[in-house]
>>> print(open('run30.cif').read())   # mmCIF, N, CA and C atoms
data_my_file
loop_
_atom_site.label_atom_id
_atom_site.label_comp_id
_atom_site.auth_asym_id
_atom_site.auth_seq_id
_atom_site.Cartn_x
_atom_site.Cartn_y
_atom_site.Cartn_z
N MET U 1 0.84 -1.18 0.00
CA MET U 1 0.00 0.00 0.00
C MET U 1 0.89 1.24 0.00
N LYS U 2 0.54 2.22 -0.81
CA LYS U 2 1.31 3.45 -0.91
C LYS U 2 1.28 4.21 0.41
N ALA U 3 2.34 4.93 0.70
CA ALA U 3 2.44 5.63 1.98
C ALA U 3 1.50 6.83 2.09
N HIS U 4 1.23 7.53 1.00
CA HIS U 4 0.45 8.77 1.07
C HIS U 4 -0.81 8.68 0.24
N LEU U 5 -1.69 7.78 0.57
CA LEU U 5 -2.96 7.67 -0.13
C LEU U 5 -3.93 8.72 0.40
N PRO U 6 -4.87 9.15 -0.44
CA PRO U 6 -5.91 10.05 0.06
C PRO U 6 -6.82 9.29 1.02
N PRO U 7 -7.64 9.99 1.81
CA PRO U 7 -8.54 9.29 2.73
C PRO U 7 -9.59 8.48 1.98
N PHE U 8 -9.92 8.91 0.75
CA PHE U 8 -10.91 8.21 -0.06
C PHE U 8 -10.75 8.65 -1.50
N GLU U 9 -11.36 7.89 -2.41
CA GLU U 9 -11.40 8.26 -3.82
C GLU U 9 -12.65 7.67 -4.45
N GLU U 10 -13.24 8.42 -5.38
CA GLU U 10 -14.42 7.93 -6.10
C GLU U 10 -13.95 6.94 -7.15
N ILE U 11 -14.70 5.85 -7.27
CA ILE U 11 -14.40 4.79 -8.24
C ILE U 11 -15.48 4.81 -9.31
N GLU U 12 -15.09 4.70 -10.56
CA GLU U 12 -16.06 4.67 -11.67
C GLU U 12 -17.01 3.49 -11.48
N HIS U 13 -18.30 3.74 -11.71
CA HIS U 13 -19.31 2.69 -11.62
C HIS U 13 -20.43 3.05 -12.57
N THR U 14 -21.04 2.04 -13.18
CA THR U 14 -22.03 2.30 -14.23
C THR U 14 -23.30 2.98 -13.74
N ALA U 15 -23.90 2.52 -12.66
CA ALA U 15 -25.20 3.06 -12.26
C ALA U 15 -25.18 3.72 -10.89
N ASP U 16 -24.52 3.11 -9.94
CA ASP U 16 -24.52 3.62 -8.58
C ASP U 16 -23.25 4.42 -8.31
N LEU U 17 -23.09 4.88 -7.10
CA LEU U 17 -21.86 5.57 -6.69
C LEU U 17 -20.97 4.56 -5.98
N ARG U 18 -19.68 4.71 -6.17
CA ARG U 18 -18.73 3.79 -5.54
C ARG U 18 -17.54 4.58 -5.01
N LEU U 19 -17.02 4.12 -3.88
CA LEU U 19 -15.97 4.83 -3.15
C LEU U 19 -14.96 3.83 -2.63
N ARG U 20 -13.70 4.19 -2.67
CA ARG U 20 -12.67 3.41 -1.99
C ARG U 20 -12.15 4.28 -0.85
N ALA U 21 -12.18 3.74 0.36
CA ALA U 21 -11.73 4.47 1.54
C ALA U 21 -10.52 3.78 2.14
N TYR U 22 -9.66 4.58 2.75
CA TYR U 22 -8.43 4.09 3.36
C TYR U 22 -8.32 4.61 4.79
N GLY U 23 -7.50 3.95 5.58
CA GLY U 23 -7.21 4.43 6.92
C GLY U 23 -6.03 3.71 7.52
N ARG U 24 -5.21 4.44 8.27
CA ARG U 24 -4.04 3.83 8.92
C ARG U 24 -4.45 2.88 10.03
N ASP U 25 -5.64 3.13 10.60
CA ASP U 25 -6.19 2.26 11.64
C ASP U 25 -7.71 2.23 11.47
N LEU U 26 -8.39 1.41 12.26
CA LEU U 26 -9.84 1.28 12.09
C LEU U 26 -10.61 2.57 12.35
N PRO U 27 -10.31 3.34 13.40
CA PRO U 27 -11.06 4.59 13.58
C PRO U 27 -10.92 5.55 12.39
N GLU U 28 -9.69 5.72 11.90
CA GLU U 28 -9.49 6.60 10.75
C GLU U 28 -10.20 6.04 9.52
N PHE U 29 -10.16 4.76 9.34
CA PHE U 29 -10.81 4.07 8.23
C PHE U 29 -12.32 4.31 8.23
N PHE U 30 -12.97 4.14 9.39
CA PHE U 30 -14.42 4.35 9.50
C PHE U 30 -14.76 5.83 9.26
N ALA U 31 -13.96 6.73 9.82
CA ALA U 31 -14.21 8.16 9.63
C ALA U 31 -14.04 8.54 8.16
N ASN U 32 -13.01 8.04 7.50
CA ASN U 32 -12.77 8.37 6.09
C ASN U 32 -13.86 7.83 5.17
N ALA U 33 -14.42 6.67 5.50
CA ALA U 33 -15.52 6.12 4.70
C ALA U 33 -16.73 7.06 4.77
N ALA U 34 -17.04 7.58 5.96
CA ALA U 34 -18.16 8.52 6.11
C ALA U 34 -17.85 9.85 5.42
N LEU U 35 -16.65 10.34 5.58
CA LEU U 35 -16.24 11.58 4.94
C LEU U 35 -16.37 11.45 3.41
N GLY U 36 -15.94 10.34 2.88
CA GLY U 36 -16.04 10.10 1.44
C GLY U 36 -17.48 10.03 0.96
N MET U 37 -18.36 9.42 1.77
CA MET U 37 -19.77 9.33 1.40
C MET U 37 -20.36 10.73 1.26
N PHE U 38 -20.04 11.63 2.19
CA PHE U 38 -20.57 13.00 2.11
C PHE U 38 -19.94 13.78 0.97
N HIS U 39 -18.71 13.45 0.62
CA HIS U 39 -18.09 14.07 -0.55
C HIS U 39 -18.88 13.68 -1.80
N LEU U 40 -19.25 12.41 -1.92
CA LEU U 40 -20.03 11.95 -3.08
C LEU U 40 -21.41 12.60 -3.12
N MET U 41 -21.98 12.89 -1.96
CA MET U 41 -23.32 13.47 -1.89
C MET U 41 -23.32 14.97 -2.22
N GLN U 42 -22.17 15.59 -2.25
CA GLN U 42 -22.02 17.00 -2.59
C GLN U 42 -22.89 17.90 -1.72
N CYS U 43 -22.64 17.88 -0.43
CA CYS U 43 -23.35 18.75 0.51
C CYS U 43 -22.73 20.13 0.51
N HIS U 44 -23.58 21.15 0.58
CA HIS U 44 -23.11 22.52 0.62
C HIS U 44 -23.92 23.30 1.65
N PRO U 45 -23.30 23.81 2.71
CA PRO U 45 -24.03 24.60 3.70
C PRO U 45 -24.65 25.85 3.06
N THR U 46 -25.76 26.29 3.63
CA THR U 46 -26.45 27.49 3.16
C THR U 46 -26.50 28.51 4.29
N ALA U 47 -27.10 29.66 4.00
CA ALA U 47 -27.24 30.71 5.02
C ALA U 47 -28.11 30.23 6.18
N ARG U 48 -29.02 29.30 5.90
CA ARG U 48 -29.90 28.77 6.95
C ARG U 48 -29.23 27.67 7.78
N SER U 49 -28.06 27.24 7.37
CA SER U 49 -27.38 26.14 8.05
C SER U 49 -27.04 26.51 9.49
N SER U 50 -27.21 25.53 10.37
CA SER U 50 -26.83 25.74 11.77
C SER U 50 -26.11 24.48 12.26
N PRO U 51 -25.25 24.63 13.26
CA PRO U 51 -24.48 23.47 13.75
C PRO U 51 -25.40 22.36 14.27
N ILE U 52 -24.96 21.13 14.04
CA ILE U 52 -25.71 19.96 14.49
C ILE U 52 -24.71 18.87 14.85
N SER U 53 -25.05 18.06 15.86
CA SER U 53 -24.20 16.92 16.21
C SER U 53 -25.07 15.79 16.74
N HIS U 54 -24.57 14.59 16.60
CA HIS U 54 -25.25 13.40 17.10
C HIS U 54 -24.22 12.44 17.68
N HIS U 55 -24.62 11.78 18.75
CA HIS U 55 -23.83 10.69 19.32
C HIS U 55 -24.42 9.39 18.76
N ILE U 56 -23.57 8.51 18.27
CA ILE U 56 -24.03 7.27 17.64
C ILE U 56 -23.40 6.09 18.36
N LEU U 57 -24.21 5.07 18.61
CA LEU U 57 -23.75 3.81 19.20
C LEU U 57 -24.33 2.68 18.36
N ILE U 58 -23.46 1.83 17.83
CA ILE U 58 -23.89 0.73 16.96
C ILE U 58 -23.17 -0.54 17.37
N GLU U 59 -23.89 -1.65 17.39
CA GLU U 59 -23.30 -2.98 17.57
C GLU U 59 -23.70 -3.85 16.39
N SER U 60 -22.75 -4.60 15.88
CA SER U 60 -22.98 -5.49 14.74
C SER U 60 -22.14 -6.74 14.91
N GLY U 61 -22.38 -7.70 14.05
CA GLY U 61 -21.71 -8.99 14.16
C GLY U 61 -20.27 -9.03 13.71
N ASP U 62 -19.89 -8.18 12.76
CA ASP U 62 -18.52 -8.20 12.24
C ASP U 62 -18.16 -6.82 11.69
N ALA U 63 -16.92 -6.67 11.25
CA ALA U 63 -16.43 -5.36 10.81
C ALA U 63 -17.17 -4.85 9.58
N ALA U 64 -17.44 -5.72 8.60
CA ALA U 64 -18.13 -5.28 7.38
C ALA U 64 -19.55 -4.81 7.69
N THR U 65 -20.26 -5.57 8.51
CA THR U 65 -21.62 -5.19 8.89
C THR U 65 -21.61 -3.91 9.71
N LEU U 66 -20.63 -3.77 10.59
CA LEU U 66 -20.51 -2.56 11.39
C LEU U 66 -20.29 -1.34 10.49
N LEU U 67 -19.44 -1.48 9.49
CA LEU U 67 -19.18 -0.38 8.57
C LEU U 67 -20.45 0.02 7.82
N VAL U 68 -21.18 -0.95 7.29
CA VAL U 68 -22.41 -0.67 6.56
C VAL U 68 -23.45 -0.05 7.49
N ASP U 69 -23.59 -0.61 8.69
CA ASP U 69 -24.55 -0.05 9.66
C ASP U 69 -24.18 1.38 10.05
N TRP U 70 -22.91 1.64 10.24
CA TRP U 70 -22.41 2.97 10.58
C TRP U 70 -22.76 3.97 9.48
N LEU U 71 -22.41 3.63 8.24
CA LEU U 71 -22.68 4.55 7.14
C LEU U 71 -24.17 4.75 6.92
N ASN U 72 -24.96 3.69 7.04
CA ASN U 72 -26.41 3.83 6.89
C ASN U 72 -27.02 4.68 8.01
N GLU U 73 -26.50 4.56 9.23
CA GLU U 73 -27.00 5.38 10.34
C GLU U 73 -26.70 6.86 10.11
N VAL U 74 -25.48 7.16 9.68
CA VAL U 74 -25.12 8.55 9.40
C VAL U 74 -25.95 9.07 8.23
N LEU U 75 -26.18 8.24 7.23
CA LEU U 75 -27.02 8.61 6.09
C LEU U 75 -28.46 8.90 6.55
N TYR U 76 -29.00 8.04 7.42
CA TYR U 76 -30.34 8.25 7.95
C TYR U 76 -30.43 9.59 8.70
N LEU U 77 -29.47 9.87 9.57
CA LEU U 77 -29.48 11.12 10.32
C LEU U 77 -29.37 12.32 9.39
N SER U 78 -28.59 12.18 8.34
CA SER U 78 -28.45 13.25 7.36
C SER U 78 -29.78 13.53 6.66
N GLU U 79 -30.47 12.48 6.28
CA GLU U 79 -31.78 12.65 5.62
C GLU U 79 -32.80 13.23 6.59
N ARG U 80 -32.84 12.70 7.78
CA ARG U 80 -33.82 13.14 8.77
C ARG U 80 -33.67 14.62 9.10
N ASP U 81 -32.42 15.06 9.27
CA ASP U 81 -32.15 16.44 9.68
C ASP U 81 -31.75 17.35 8.53
N GLN U 82 -31.79 16.82 7.30
CA GLN U 82 -31.30 17.58 6.15
C GLN U 82 -29.93 18.16 6.49
N ALA U 83 -29.05 17.29 6.97
CA ALA U 83 -27.74 17.70 7.49
C ALA U 83 -26.60 17.23 6.61
N CYS U 84 -25.56 18.00 6.62
CA CYS U 84 -24.30 17.64 5.98
C CYS U 84 -23.28 17.49 7.09
N PHE U 85 -22.81 16.27 7.31
CA PHE U 85 -21.83 16.03 8.35
C PHE U 85 -20.42 16.12 7.78
N THR U 86 -19.54 16.77 8.52
CA THR U 86 -18.18 17.01 8.04
C THR U 86 -17.11 16.49 9.00
N THR U 87 -17.51 16.21 10.24
CA THR U 87 -16.56 15.72 11.24
C THR U 87 -17.08 14.41 11.82
N PHE U 88 -16.22 13.41 11.82
CA PHE U 88 -16.59 12.07 12.29
C PHE U 88 -15.57 11.65 13.33
N GLU U 89 -15.93 11.81 14.59
CA GLU U 89 -15.03 11.48 15.70
C GLU U 89 -15.39 10.09 16.21
N ILE U 90 -14.49 9.15 16.02
CA ILE U 90 -14.71 7.79 16.48
C ILE U 90 -14.20 7.72 17.92
N ASN U 91 -15.13 7.64 18.86
CA ASN U 91 -14.78 7.65 20.28
C ASN U 91 -14.32 6.29 20.79
N HIS U 92 -14.93 5.24 20.26
CA HIS U 92 -14.59 3.88 20.69
C HIS U 92 -14.96 2.92 19.55
N LEU U 93 -14.07 1.99 19.27
CA LEU U 93 -14.31 1.03 18.20
C LEU U 93 -13.69 -0.30 18.58
N GLU U 94 -14.54 -1.33 18.63
CA GLU U 94 -14.08 -2.70 18.90
C GLU U 94 -14.55 -3.59 17.77
N VAL U 95 -13.65 -4.34 17.21
CA VAL U 95 -14.00 -5.33 16.20
C VAL U 95 -13.42 -6.65 16.67
N GLY U 96 -14.30 -7.63 16.85
CA GLY U 96 -13.82 -8.91 17.34
C GLY U 96 -14.63 -10.07 16.80
N ASP U 97 -14.04 -11.24 16.84
CA ASP U 97 -14.70 -12.45 16.36
C ASP U 97 -15.59 -13.07 17.42
N GLU U 98 -15.23 -12.92 18.68
CA GLU U 98 -15.94 -13.62 19.74
C GLU U 98 -17.01 -12.79 20.43
N LYS U 99 -17.06 -11.50 20.14
CA LYS U 99 -18.09 -10.64 20.71
C LYS U 99 -18.55 -9.68 19.63
N PRO U 100 -19.70 -9.04 19.81
CA PRO U 100 -20.18 -8.12 18.78
C PRO U 100 -19.21 -6.96 18.56
N SER U 101 -19.12 -6.52 17.33
CA SER U 101 -18.34 -5.33 17.01
C SER U 101 -19.15 -4.12 17.46
N ARG U 102 -18.45 -3.10 17.96
CA ARG U 102 -19.15 -1.96 18.56
C ARG U 102 -18.45 -0.66 18.16
N LEU U 103 -19.26 0.35 17.86
CA LEU U 103 -18.74 1.64 17.48
C LEU U 103 -19.51 2.73 18.23
N GLU U 104 -18.75 3.64 18.83
CA GLU U 104 -19.31 4.85 19.43
C GLU U 104 -18.66 6.02 18.74
N ALA U 105 -19.49 6.95 18.26
CA ALA U 105 -18.95 8.08 17.51
C ALA U 105 -19.79 9.32 17.73
N THR U 106 -19.19 10.45 17.44
CA THR U 106 -19.89 11.73 17.41
C THR U 106 -19.71 12.30 16.02
N VAL U 107 -20.82 12.68 15.40
CA VAL U 107 -20.77 13.30 14.08
C VAL U 107 -21.22 14.74 14.22
N ARG U 108 -20.55 15.63 13.48
CA ARG U 108 -20.87 17.05 13.53
C ARG U 108 -20.96 17.61 12.12
N GLY U 109 -21.81 18.61 11.97
CA GLY U 109 -21.94 19.25 10.67
C GLY U 109 -22.92 20.40 10.74
N LYS U 110 -23.65 20.60 9.63
CA LYS U 110 -24.62 21.69 9.51
C LYS U 110 -25.96 21.12 9.08
N SER U 111 -27.04 21.68 9.65
CA SER U 111 -28.38 21.27 9.24
C SER U 111 -28.87 22.20 8.13
N HIS U 112 -29.99 21.84 7.53
CA HIS U 112 -30.63 22.63 6.46
C HIS U 112 -29.74 22.77 5.24
N CYS U 113 -29.02 21.71 4.89
CA CYS U 113 -28.22 21.74 3.66
C CYS U 113 -28.32 20.37 2.99
N PRO U 114 -29.44 20.12 2.32
CA PRO U 114 -29.61 18.82 1.67
C PRO U 114 -28.54 18.59 0.61
N PRO U 115 -28.16 17.33 0.41
CA PRO U 115 -27.13 17.03 -0.58
C PRO U 115 -27.61 17.25 -2.01
N SER U 116 -26.66 17.51 -2.90
CA SER U 116 -26.98 17.64 -4.33
C SER U 116 -27.23 16.28 -4.96
N LYS U 117 -26.53 15.26 -4.47
CA LYS U 117 -26.71 13.89 -4.96
C LYS U 117 -27.28 13.05 -3.82
N GLY U 118 -28.35 12.34 -4.12
CA GLY U 118 -28.95 11.49 -3.10
C GLY U 118 -28.36 10.10 -3.08
N ILE U 119 -28.18 9.56 -1.91
CA ILE U 119 -27.79 8.16 -1.73
C ILE U 119 -28.92 7.52 -0.94
N LYS U 120 -29.46 6.42 -1.46
CA LYS U 120 -30.56 5.73 -0.78
C LYS U 120 -30.05 4.84 0.34
N ALA U 121 -28.95 4.12 0.06
CA ALA U 121 -28.44 3.17 1.05
C ALA U 121 -27.01 2.76 0.72
N VAL U 122 -26.35 2.25 1.74
CA VAL U 122 -25.03 1.65 1.60
C VAL U 122 -25.27 0.16 1.40
N THR U 123 -24.58 -0.45 0.45
CA THR U 123 -24.83 -1.85 0.13
C THR U 123 -23.64 -2.74 0.54
N PHE U 124 -23.90 -4.03 0.52
CA PHE U 124 -22.85 -5.02 0.75
C PHE U 124 -22.24 -5.49 -0.57
N TYR U 125 -22.68 -4.93 -1.69
CA TYR U 125 -22.22 -5.37 -3.00
C TYR U 125 -20.69 -5.25 -3.10
N ALA U 126 -20.03 -6.37 -3.30
CA ALA U 126 -18.57 -6.45 -3.48
C ALA U 126 -17.80 -5.77 -2.34
N LEU U 127 -18.40 -5.72 -1.17
CA LEU U 127 -17.76 -5.09 -0.02
C LEU U 127 -16.76 -6.05 0.61
N GLU U 128 -15.52 -5.62 0.68
CA GLU U 128 -14.48 -6.42 1.32
C GLU U 128 -13.48 -5.49 1.96
N ILE U 129 -13.31 -5.66 3.26
CA ILE U 129 -12.33 -4.87 3.99
C ILE U 129 -10.99 -5.60 3.90
N THR U 130 -9.97 -4.88 3.47
CA THR U 130 -8.64 -5.45 3.31
C THR U 130 -7.69 -4.77 4.28
N ARG U 131 -6.85 -5.57 4.91
CA ARG U 131 -5.80 -5.01 5.77
C ARG U 131 -4.45 -5.33 5.12
N HIS U 132 -3.68 -4.28 4.88
CA HIS U 132 -2.39 -4.43 4.21
C HIS U 132 -1.29 -4.77 5.21
N GLU U 133 -0.15 -5.17 4.72
CA GLU U 133 0.99 -5.53 5.56
C GLU U 133 1.39 -4.39 6.50
N SER U 134 1.18 -3.16 6.06
CA SER U 134 1.52 -1.99 6.87
C SER U 134 0.56 -1.81 8.04
N GLY U 135 -0.56 -2.55 8.03
CA GLY U 135 -1.58 -2.40 9.06
C GLY U 135 -2.72 -1.50 8.63
N ALA U 136 -2.57 -0.82 7.48
CA ALA U 136 -3.60 0.09 6.98
C ALA U 136 -4.77 -0.70 6.40
N TYR U 137 -5.93 -0.06 6.38
CA TYR U 137 -7.17 -0.68 5.90
C TYR U 137 -7.63 -0.02 4.60
N GLN U 138 -8.37 -0.82 3.82
CA GLN U 138 -8.94 -0.34 2.57
C GLN U 138 -10.27 -1.05 2.35
N VAL U 139 -11.24 -0.34 1.77
CA VAL U 139 -12.52 -0.94 1.44
C VAL U 139 -13.08 -0.23 0.20
N THR U 140 -13.83 -0.96 -0.60
CA THR U 140 -14.60 -0.36 -1.68
C THR U 140 -16.06 -0.51 -1.31
N VAL U 141 -16.78 0.61 -1.30
CA VAL U 141 -18.18 0.62 -0.89
C VAL U 141 -19.02 1.10 -2.07
N THR U 142 -20.14 0.40 -2.30
CA THR U 142 -21.09 0.79 -3.35
C THR U 142 -22.33 1.34 -2.69
N PHE U 143 -22.80 2.47 -3.20
CA PHE U 143 -23.97 3.15 -2.67
C PHE U 143 -25.11 3.06 -3.67
N ASP U 144 -26.29 2.73 -3.21
CA ASP U 144 -27.49 2.68 -4.03
C ASP U 144 -28.03 4.11 -4.16
N VAL U 145 -28.16 4.58 -5.39
CA VAL U 145 -28.66 5.96 -5.62
C VAL U 145 -30.04 5.95 -6.25
#
>>> encode(input="run30.cif", output="structure tokens")
Amino acid sequence: MKAHLPPFEEIEHTADLRLRAYGRDLPEFFANAALGMFHLMQCHPTARSSPISHHILIESGDAATLLVDWLNEVLYLSERDQACFTTFEINHLEVGDEKPSRLEATVRGKSHCPPSKGIKAVTFYALEITRHESGAYQVTVTFDV
């Protein structure tokens, strides 16, 4: 894996949106996946925008499901509040085989700024989390639009 990869990059896809996210560790990896999703959605604050934040707690069976659940939860909150989130603070993250994977995070952004591009859901299509020899993580995520 290259030493200076961007946090995410858009990947060409025929119908849906696709993103490749990277991270030196799991917290950075989860935050970069969410940051990339909002980049694809093209959120732009307006004069009516006001600060907004949410505390999120999610438990799932494994790392891939936790990632999809995390992104879908942030997507749901964005739709509900017409919010654009720009900061993803991962407060606690456990991924394990013998117990449920768990994520606690705080997301911050602006309300009243609907995205230019809509994403309906995060999918499991061709989703595979890869860990490189350096310890860094990579995933390709497909979004249903």
>>> select_by_dssp(input="run30.cif", residues="segment 37-70 of chain U", states="strand (DSSP E or B)", output="list in words")
Pro51, Ile52, Ser53, His54, His55, Ile56, Leu57, Ile58, Glu59 and Ser60 of chain U
>>> closest_residue(input="run30.cif", among="U:Pro27, U:Pro45, U:Pro100, U:Pro114", to="Glu59 of chain U", atoms="all atoms listed in the file")
U:Pro100
>>> closest_atom_pairs(input="run30.cif", of="segment 70-145 of chain U", to="segment 40-44 of chain U", cutoff="6.5 Å", atoms="all atoms listed in the file", output="Markdown table")
| residue | atom | partner | partner_atom | distance |
| --- | --- | --- | --- | --- |
| U:Cys84 | CA | U:Cys43 | CA | 5.7 |
| U:Cys113 | CA | U:His44 | C | 5.0 |
| U:Pro114 | C | U:Cys43 | CA | 5.2 |
| U:Pro115 | CA | U:Cys43 | CA | 4.3 |
| U:Ser116 | N | U:Gln42 | C | 4.0 |
| U:Lys117 | N | U:Met41 | C | 3.9 |
| U:Gly118 | N | U:Met41 | CA | 5.6 |
| U:Ile119 | N | U:Met41 | CA | 6.2 |
>>> write_last_selection(input="run30.cif", atoms="N, CA and C atoms", output="mmCIF file, in the frame of the given file")
data_model
loop_
_atom_site.group_PDB
_atom_site.id
_atom_site.type_symbol
_atom_site.label_atom_id
_atom_site.label_comp_id
_atom_site.auth_asym_id
_atom_site.auth_seq_id
_atom_site.Cartn_x
_atom_site.Cartn_y
_atom_site.Cartn_z
ATOM 1 N N CYS U 84 -25.560 18.000 6.620
ATOM 2 C CA CYS U 84 -24.300 17.640 5.980
ATOM 3 C C CYS U 84 -23.280 17.490 7.090
ATOM 4 N N CYS U 113 -29.020 21.710 4.890
ATOM 5 C CA CYS U 113 -28.220 21.740 3.660
ATOM 6 C C CYS U 113 -28.320 20.370 2.990
ATOM 7 N N PRO U 114 -29.440 20.120 2.320
ATOM 8 C CA PRO U 114 -29.610 18.820 1.670
ATOM 9 C C PRO U 114 -28.540 18.590 0.610
ATOM 10 N N PRO U 115 -28.160 17.330 0.410
ATOM 11 C CA PRO U 115 -27.130 17.030 -0.580
ATOM 12 C C PRO U 115 -27.610 17.250 -2.010
ATOM 13 N N SER U 116 -26.660 17.510 -2.900
ATOM 14 C CA SER U 116 -26.980 17.640 -4.330
ATOM 15 C C SER U 116 -27.230 16.280 -4.960
ATOM 16 N N LYS U 117 -26.530 15.260 -4.470
ATOM 17 C CA LYS U 117 -26.710 13.890 -4.960
ATOM 18 C C LYS U 117 -27.280 13.050 -3.820
ATOM 19 N N GLY U 118 -28.350 12.340 -4.120
ATOM 20 C CA GLY U 118 -28.950 11.490 -3.100
ATOM 21 C C GLY U 118 -28.360 10.100 -3.080
ATOM 22 N N ILE U 119 -28.180 9.560 -1.910
ATOM 23 C CA ILE U 119 -27.790 8.160 -1.730
ATOM 24 C C ILE U 119 -28.920 7.520 -0.940
#
>>> atom_distance(input="run30.cif", atom1="atom N of Ser101 of chain U", atom2="atom N of Glu133 of chain U")
22.8 Å
>>> resolve_selection(input="run30.cif", expression="the PyMOL selection byres (((chain U and resi 70 and name CA) around 9) and name CA)", output="list in words")
Phe30, Ala34, Ile56, Leu57, Ile58, Thr65, Leu66, Leu67, Val68, Asp69, Leu71, Asn72, Glu73, Val74, Leu75 and Leu103 of chain U
>>> axis_aligned_box(input="run30.cif", around="segment 136-140 of chain U", padding_each_side="8 Å", output="lines of an AutoDock Vina configuration file")
center_x = -9.3
center_y = -0.5
center_z = 2.9
size_x = 29.5
size_y = 17.1
size_z = 25.2
>>> resolve_selection(input="run30.cif", expression="the PyMOL selection byres ((chain U and resi 88) around 7)", output="PyMOL selection string")
chain U and resi 31+35+85-87+89-91+105-108
>>> write_last_selection(input="run30.cif", atoms="N, CA and C atoms", output="short mmCIF file (atom, residue, chain, number, x, y, z; two decimals), in the frame of the given file")
data_model
loop_
_atom_site.label_atom_id
_atom_site.label_comp_id
_atom_site.auth_asym_id
_atom_site.auth_seq_id
_atom_site.Cartn_x
_atom_site.Cartn_y
_atom_site.Cartn_z
N ALA U 31 -13.96 6.73 9.82
CA ALA U 31 -14.21 8.16 9.63
C ALA U 31 -14.04 8.54 8.16
N LEU U 35 -16.65 10.34 5.58
CA LEU U 35 -16.24 11.58 4.94
C LEU U 35 -16.37 11.45 3.41
N PHE U 85 -22.81 16.27 7.31
CA PHE U 85 -21.83 16.03 8.35
C PHE U 85 -20.42 16.12 7.78
N THR U 86 -19.54 16.77 8.52
CA THR U 86 -18.18 17.01 8.04
C THR U 86 -17.11 16.49 9.00
N THR U 87 -17.51 16.21 10.24
CA THR U 87 -16.56 15.72 11.24
C THR U 87 -17.08 14.41 11.82
N GLU U 89 -15.93 11.81 14.59
CA GLU U 89 -15.03 11.48 15.70
C GLU U 89 -15.39 10.09 16.21
N ILE U 90 -14.49 9.15 16.02
CA ILE U 90 -14.71 7.79 16.48
C ILE U 90 -14.20 7.72 17.92
N ASN U 91 -15.13 7.64 18.86
CA ASN U 91 -14.78 7.65 20.28
C ASN U 91 -14.32 6.29 20.79
N ALA U 105 -19.49 6.95 18.26
CA ALA U 105 -18.95 8.08 17.51
C ALA U 105 -19.79 9.32 17.73
N THR U 106 -19.19 10.45 17.44
CA THR U 106 -19.89 11.73 17.41
C THR U 106 -19.71 12.30 16.02
N VAL U 107 -20.82 12.68 15.40
CA VAL U 107 -20.77 13.30 14.08
C VAL U 107 -21.22 14.74 14.22
N ARG U 108 -20.55 15.63 13.48
CA ARG U 108 -20.87 17.05 13.53
C ARG U 108 -20.96 17.61 12.12
#
>>> closest_residue(input="run30.cif", among="U:Glu79, U:Leu127, U:Gly36, U:Gly23", to="Ala64 of chain U", atoms="only N, CA and C atoms")
U:Leu127
>>> select_by_dssp(input="run30.cif", residues="chain U", states="alpha helix (DSSP H)", output="count of residues only")
35
>>> atom_distance(input="run30.cif", atom1="atom N of His112 of chain U", atom2="atom CA of Ile11 of chain U")
28.0 Å
>>> closest_residue(input="run30.cif", among="U:Tyr76, U:Thr123, U:Pro6, U:Asp62", to="Glu94 of chain U", atoms="all atoms listed in the file")
U:Asp62
>>> resolve_selection(input="run30.cif", expression="the PyMOL selection byres ((chain U and resi 141) around 8)", output="JSON, numbers by chain")
{"U": [17, 18, 19, 20, 21, 122, 123, 124, 125, 126, 127, 128, 138, 139, 140, 142, 143, 144]}
>>> atom_distance(input="run30.cif", atom1="atom N of Lys120 of chain U", atom2="atom C of Arg80 of chain U")
14.0 Å
>>> residues_near_point(input="run30.cif", point="(-4.9, 7.3, 6.4)", cutoff="7 Å", atoms="all atoms listed in the file", output="ChimeraX atom specification")
/U:5-7,22-25,28-29
>>> closest_residue(input="run30.cif", among="U:Asp81, U:Val95, U:Ala33, U:Ser111", to="Thr46 of chain U", atoms="all atoms listed in the file")
U:Ser111
>>> closest_residue(input="run30.cif", among="U:Ser60, U:Phe8, U:Ser53, U:Thr130", to="Leu93 of chain U", atoms="only C-alpha atoms")
U:Ser60
